[in-house]
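*Asks:* Provided herewith: model27.pdb, PDB, C-alpha atoms.
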```
ATOM      1  CA  MET A   1     162.248-150.710 147.268
ATOM      2  CA  LEU A   2     158.808-149.307 146.592
ATOM      3  CA  ARG A   3     155.817-151.176 145.298
ATOM      4  CA  LEU A   4     153.961-149.578 142.413
ATOM      5  CA  TRP A   5     150.496-149.797 144.020
ATOM      6  CA  THR A   6     148.739-147.353 141.744
ATOM      7  CA  LEU A   7     148.970-149.740 138.830
ATOM      8  CA  SER A   8     147.291-152.609 140.679
ATOM      9  CA  GLN A   9     143.846-150.976 140.807
ATOM     10  CA  ASN A  10     142.524-152.658 137.640
ATOM     11  CA  PRO A  11     144.983-155.370 136.596
ATOM     12  CA  HIS A  12     143.166-156.460 133.431
ATOM     13  CA  GLN A  13     143.037-152.954 132.013
ATOM     14  CA  MET A  14     146.680-152.300 132.916
ATOM     15  CA  LEU A  15     147.811-155.590 131.359
ATOM     16  CA  ARG A  16     145.990-154.662 128.170
ATOM     17  CA  LYS A  17     147.776-151.291 128.127
ATOM     18  CA  CYS A  18     151.134-152.999 128.771
ATOM     19  CA  ARG A  19     150.528-155.340 125.846
ATOM     20  CA  GLN A  20     149.569-152.385 123.635
ATOM     21  CA  LEU A  21     152.763-150.551 124.618
ATOM     22  CA  HIS A  22     154.854-153.672 123.971
ATOM     23  CA  ASN A  23     153.176-154.275 120.582
ATOM     24  CA  THR A  24     153.717-150.639 119.609
ATOM     25  CA  ALA A  25     157.388-150.832 120.610
ATOM     26  CA  VAL A  26     157.783-154.057 118.630
ATOM     27  CA  LYS A  27     156.197-152.527 115.525
ATOM     28  CA  LEU A  28     158.395-149.419 115.805
ATOM     29  CA  ALA A  29     161.467-151.604 116.299
ATOM     30  CA  GLN A  30     160.613-153.661 113.227
ATOM     31  CA  ALA A  31     160.099-150.485 111.221
ATOM     32  CA  ALA A  32     163.460-149.178 112.468
ATOM     33  CA  GLU A  33     165.155-152.471 111.521
ATOM     34  CA  SER A  34     163.779-152.310 108.007
ATOM     35  CA  SER A  35     165.124-148.778 107.499
ATOM     36  CA  PRO A  36     168.807-148.531 106.503
ATOM     37  CA  SER A  37     169.771-146.303 109.462
ATOM     38  CA  SER A  38     168.418-148.535 112.192
ATOM     39  CA  SER A  39     169.852-148.703 115.660
ATOM     40  CA  THR A  40     169.886-151.938 117.596
ATOM     41  CA  ALA A  41     166.267-152.760 118.406
ATOM     42  CA  THR A  42     164.988-156.269 118.824
ATOM     43  CA  CYS A  43     161.491-157.591 119.232
ATOM     44  CA  LYS A  44     160.956-159.698 122.327
ATOM     45  CA  TRP A  45     161.638-159.009 125.970
ATOM     46  CA  THR A  46     162.321-161.996 128.187
ATOM     47  CA  ALA A  47     161.990-162.500 131.936
ATOM     48  CA  ASN A  48     165.731-161.811 132.304
ATOM     49  CA  SER A  49     165.705-158.599 130.251
ATOM     50  CA  LEU A  50     167.051-155.529 131.989
ATOM     51  CA  ARG A  51     164.674-152.824 130.799
ATOM     52  CA  THR A  52     165.095-149.090 130.992
ATOM     53  CA  GLY A  53     164.123-147.011 133.993
ATOM     54  CA  LEU A  54     162.187-143.757 134.024
ATOM     55  CA  ILE A  55     162.892-140.240 135.240
ATOM     56  CA  ALA A  56     160.250-139.042 137.703
ATOM     57  CA  ARG A  57     159.694-136.248 140.182
ATOM     58  CA  LYS A  58     158.472-136.938 143.717
ATOM     59  CA  ARG A  59     155.223-135.091 144.377
ATOM     60  CA  GLY A  60     154.498-136.340 147.870
ATOM     61  CA  MET A  61     153.111-139.214 149.889
ATOM     62  CA  ALA A  62     149.660-140.773 149.934
ATOM     63  CA  VAL A  63     147.867-143.675 151.571
ATOM     64  CA  MET A  64     146.201-146.699 150.015
ATOM     65  CA  TRP A  65     144.458-149.695 151.584
ATOM     66  CA  ASP A  66     144.772-153.282 150.389
ATOM     67  CA  ASN A  67     141.985-155.895 150.278
ATOM     68  CA  ASN A  68     142.473-156.730 153.971
ATOM     69  CA  GLY A  69     142.047-153.116 155.067
ATOM     70  CA  VAL A  70     145.752-152.636 155.853
ATOM     71  CA  ARG A  71     146.970-149.084 155.418
ATOM     72  CA  VAL A  72     149.966-148.816 153.071
ATOM     73  CA  PRO A  73     151.972-145.606 152.559
ATOM     74  CA  VAL A  74     152.825-144.919 148.916
ATOM     75  CA  THR A  75     154.986-142.355 147.170
ATOM     76  CA  VAL A  76     153.406-140.275 144.409
ATOM     77  CA  LEU A  77     155.727-139.839 141.423
ATOM     78  CA  GLN A  78     155.100-137.638 138.385
ATOM     79  CA  LEU A  79     156.463-138.522 134.957
ATOM     80  CA  GLU A  80     157.194-135.417 132.916
ATOM     81  CA  ASN A  81     157.288-136.264 129.202
ATOM     82  CA  CYS A  82     160.033-138.889 129.510
ATOM     83  CA  GLN A  83     161.377-139.652 126.004
ATOM     84  CA  VAL A  84     164.139-141.815 124.537
ATOM     85  CA  THR A  85     166.860-139.641 122.967
ATOM     86  CA  ALA A  86     169.488-142.263 122.034
ATOM     87  CA  ASN A  87     170.270-145.975 121.948
ATOM     88  CA  ILE A  88     173.901-146.541 122.916
ATOM     89  CA  VAL A  89     175.955-149.566 121.910
ATOM     90  CA  TYR A  90     179.629-149.442 122.848
ATOM     91  CA  LYS A  91     182.161-152.172 122.132
ATOM     92  CA  ARG A  92     184.651-152.403 124.987
ATOM     93  CA  PRO A  93     188.349-153.238 124.490
ATOM     94  CA  ASN A  94     187.715-156.793 125.753
ATOM     95  CA  GLN A  95     185.145-157.244 122.914
ATOM     96  CA  THR A  96     182.057-157.188 125.174
ATOM     97  CA  GLU A  97     179.232-154.808 124.349
ATOM     98  CA  TYR A  98     177.679-152.171 126.587
ATOM     99  CA  HIS A  99     174.037-151.381 125.785
ATOM    100  CA  ALA A 100     172.220-148.368 127.201
ATOM    101  CA  ILE A 101     169.255-146.114 126.578
ATOM    102  CA  GLN A 102     169.477-142.359 127.044
ATOM    103  CA  LEU A 103     166.300-140.775 128.430
ATOM    104  CA  ALA A 104     165.382-137.125 128.804
ATOM    105  CA  ALA A 105     162.584-135.524 130.827
ATOM    106  CA  SER A 106     161.072-132.130 131.756
ATOM    107  CA  ASP A 107     160.625-129.878 128.730
ATOM    108  CA  ARG A 108     162.851-126.839 128.585
ATOM    109  CA  PRO A 109     162.797-123.634 126.501
ATOM    110  CA  THR A 110     164.954-123.759 123.382
ATOM    111  CA  ARG A 111     166.615-120.425 124.206
ATOM    112  CA  THR A 112     168.084-121.822 127.459
ATOM    113  CA  THR A 113     169.469-124.977 125.825
ATOM    114  CA  THR A 114     173.054-125.126 124.578
ATOM    115  CA  SER A 115     173.517-125.485 120.843
ATOM    116  CA  GLN A 116     175.174-128.877 121.265
ATOM    117  CA  MET A 117     172.191-130.263 123.180
ATOM    118  CA  ARG A 118     169.769-128.622 120.728
ATOM    119  CA  GLY A 119     171.443-130.577 117.937
ATOM    120  CA  HIS A 120     171.234-133.791 119.962
ATOM    121  CA  PHE A 121     167.513-133.308 120.635
ATOM    122  CA  ARG A 122     166.877-132.284 117.021
ATOM    123  CA  LYS A 123     168.505-135.502 115.810
ATOM    124  CA  ALA A 124     166.251-137.511 118.164
ATOM    125  CA  LYS A 125     163.211-135.451 117.033
ATOM    126  CA  VAL A 126     162.206-134.551 120.594
ATOM    127  CA  PRO A 127     161.854-131.120 122.235
ATOM    128  CA  PRO A 128     164.726-129.901 124.478
ATOM    129  CA  LYS A 129     164.737-131.295 128.038
ATOM    130  CA  TYR A 130     166.231-130.365 131.403
ATOM    131  CA  ILE A 131     167.250-133.843 132.600
ATOM    132  CA  VAL A 132     169.214-136.365 130.500
ATOM    133  CA  LYS A 133     170.178-139.735 132.027
ATOM    134  CA  GLU A 134     171.530-143.051 130.744
ATOM    135  CA  PHE A 135     170.155-146.450 131.783
ATOM    136  CA  PRO A 136     172.038-149.694 131.049
ATOM    137  CA  VAL A 137     169.847-152.339 129.374
ATOM    138  CA  THR A 138     170.199-155.779 127.821
ATOM    139  CA  PRO A 139     170.501-155.955 124.008
ATOM    140  CA  ASP A 140     166.874-157.070 123.597
ATOM    141  CA  ALA A 141     165.474-154.136 125.612
ATOM    142  CA  HIS A 142     166.298-151.231 123.289
ATOM    143  CA  VAL A 143     163.404-148.843 122.642
ATOM    144  CA  PRO A 144     163.130-146.772 119.436
ATOM    145  CA  VAL A 145     164.406-143.195 119.655
ATOM    146  CA  GLY A 146     161.629-140.653 120.228
ATOM    147  CA  THR A 147     159.361-143.055 122.132
ATOM    148  CA  THR A 148     157.544-141.479 125.072
ATOM    149  CA  LEU A 149     157.583-143.741 128.128
ATOM    150  CA  SER A 150     154.854-143.705 130.769
ATOM    151  CA  ALA A 151     153.805-145.641 133.882
ATOM    152  CA  VAL A 152     152.420-148.350 131.568
ATOM    153  CA  HIS A 153     156.062-149.332 131.063
ATOM    154  CA  PHE A 154     155.880-151.150 134.409
ATOM    155  CA  VAL A 155     153.914-154.311 135.177
ATOM    156  CA  PRO A 156     151.266-154.102 137.951
ATOM    157  CA  GLY A 157     152.738-155.218 141.263
ATOM    158  CA  GLN A 158     156.327-154.867 140.013
ATOM    159  CA  TYR A 159     158.930-153.727 142.526
ATOM    160  CA  VAL A 160     161.016-150.736 141.483
ATOM    161  CA  ASP A 161     164.282-149.283 142.767
ATOM    162  CA  VAL A 162     164.137-145.560 143.432
ATOM    163  CA  ILE A 163     167.312-143.474 143.466
ATOM    164  CA  ALA A 164     167.310-139.795 144.374
ATOM    165  CA  ASN A 165     169.412-136.954 145.659
ATOM    166  CA  SER A 166     168.488-135.864 149.161
ATOM    167  CA  ILE A 167     167.586-132.240 149.734
ATOM    168  CA  GLY A 168     170.456-130.365 151.374
ATOM    169  CA  LYS A 169     169.655-128.936 154.810
ATOM    170  CA  GLY A 170     172.873-127.043 155.425
ATOM    171  CA  PHE A 171     174.774-127.213 158.719
ATOM    172  CA  GLN A 172     172.287-128.284 161.399
ATOM    173  CA  GLY A 173     174.483-128.857 164.441
ATOM    174  CA  THR A 174     174.919-132.010 166.474
ATOM    175  CA  MET A 175     171.550-132.026 168.229
ATOM    176  CA  LYS A 176     169.573-132.040 164.984
ATOM    177  CA  ARG A 177     171.901-134.505 163.280
ATOM    178  CA  TRP A 178     171.785-137.162 165.989
TER     179      TRP A 178
END
```
Represent the structure contained in this file as structure tokens.

*Replies:*
Amino acid sequence: MLRLWTLSQNPHQMLRKCRQLHNTAVKLAQAAESSPSSSTATCKWTANSLRTGLIARKRGMAVMWDNNGVRVPVTVLQLENCQVTANIVYKRPNQTEYHAIQLAASDRPTRTTTSQMRGHFRKAKVPPKYIVKEFPVTPDAHVPVGTTLSAVHFVPGQYVDVIANSIGKGFQGTMKRW
């Protein structure tokens, strides 16, 4: 687990931005509910809500110091235009529902995108992207399609799980491996 230290620099300002993002998402969700072709979007998040993740690129490591002067290593992550492309609701055979949000990141040229994906992005009204991932959420955590997510999505001091593919090093031999 990594701690999101960069957001804890000015907590009052970050909380204000979080509230603005939440209020904007609520207004967009209400507007989507009032339209006839609305997807499932509800208003309030709770403490038990499973919210969506983000797609980021690791840019390196840095150092920060806390109030006691203790040195803390941090990972620098870059968000590259991470946008919601679909809200997924699937009814399973046992009558339970699966809720997910599909996110896409890293803009890509239209000429290198397949026609099927171009149609998908056109329907979501977002530019084509390189990376498309699905994040399971609770029913109250759906975000309107086309919303751009940023670091404000997280609360200052919140712990986050980071999942990544390791960089392949090829065959190294036993001495390097152990």

*Asks:* Please, what distance in Å, to one decimal, runs between CA of Pro73 in chain A and CA of Arg57 in chain A?

*Replies:*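 Between CA of Pro73 in chain A and CA of Arg57 in chain A the gap is 17.3 Å.
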
*Asks:* Using all atoms listed in the file, pick whichever of A:Val155, A:Ile131, A:Ile101, A:Val145 has the shortest atom-to-atom distance to Gly53 in chain A.

*Replies:* A:Ile101

*Asks:* What does the distance between CA of Ala124 in chain A and CA of Val84 in chain A come to in Å, to one decimal place?

*Replies:*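 If I compute the distance from CA of Ala124 in chain A to CA of Val84 in chain A, I get 8.0 Å.
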
*Asks:* On this structure, the PyMOL selection byres ((chain A and resi 163) around 12) would catch which residues? List them as a list in words, sorted by chain and number.

*Replies:* Met1, Leu2, Gly53, Leu54, Ile55, Ala56, Arg57, Lys58, Val160, Asp161, Val162, Ala164, Asn165 and Ser166 of chain A

*Asks:* Hey, what's within 10 Å of Ser49 in chain A if we count all atoms listed in the file and toss same-chain stuff fewer than 2 positions away? As a compact mmCIF listing (two decimals) with C-alpha atoms, keeping the file's coordinate frame, please?

*Replies:*
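Output file around-v9.txt follows:
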```txt
# COMPACT_ATOMS: atom_id res chain seq x y z
CA LYS A 44 160.96 -159.70 122.33
CA TRP A 45 161.64 -159.01 125.97
CA THR A 46 162.32 -162.00 128.19
CA ALA A 47 161.99 -162.50 131.94
CA ARG A 51 164.67 -152.82 130.80
CA THR A 52 165.10 -149.09 130.99
CA VAL A 137 169.85 -152.34 129.37
CA THR A 138 170.20 -155.78 127.82
CA PRO A 139 170.50 -155.96 124.01
CA ASP A 140 166.87 -157.07 123.60
CA ALA A 141 165.47 -154.14 125.61
```

*Asks:* Go through the shown structure with the PyMOL selection byres ((chain A and resi 107) around 12) and write out the matching residues as JSON, numbers by chain.

*Replies:* {"A": [79, 80, 81, 82, 83, 104, 105, 106, 108, 109, 110, 112, 113, 121, 126, 127, 128, 129, 130, 131, 132]}

*Asks:* Take the PyMOL selection byres ((chain A and resi 87) around 9), apply it to the structure above, and return the hits as a PyMOL selection string.

*Replies:* chain A and resi 39-41+84-86+88-89+99-102+142-145

*Asks:* Any idea what the distance is between CA of Thr75 in chain A and CA of Lys133 in chain A?

*Replies:*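 Those two atoms sit 21.6 Å apart.
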
*Asks:* Adding 5 Å on each side of the box along x, y and z that holds all listed atoms of range 102-106 of chain A, could you give its centre and edge lengths in Å to one decimal, as JSON?

*Replies:*
```
{"center_x": 165.3, "center_y": -137.2, "center_z": 129.4, "size_x": 18.4, "size_y": 20.2, "size_z": 14.7}
```

*Asks:* Around the point (154.7, -136.1, 148.4), in the coordinates given by the file, pick out the residues reaching within 9 Å, counting all atoms listed in the file, and return them as a short mmCIF file (atom, residue, chain, number, x, y, z; two decimals) with C-alpha atoms, in the frame of the given file.

*Replies:*
```cif
data_model
loop_
_atom_site.label_atom_id
_atom_site.label_comp_id
_atom_site.auth_asym_id
_atom_site.auth_seq_id
_atom_site.Cartn_x
_atom_site.Cartn_y
_atom_site.Cartn_z
CA LYS A 58 158.47 -136.94 143.72
CA ARG A 59 155.22 -135.09 144.38
CA GLY A 60 154.50 -136.34 147.87
CA MET A 61 153.11 -139.21 149.89
CA ALA A 62 149.66 -140.77 149.93
CA THR A 75 154.99 -142.35 147.17
CA VAL A 76 153.41 -140.28 144.41
CA LEU A 77 155.73 -139.84 141.42
#
```
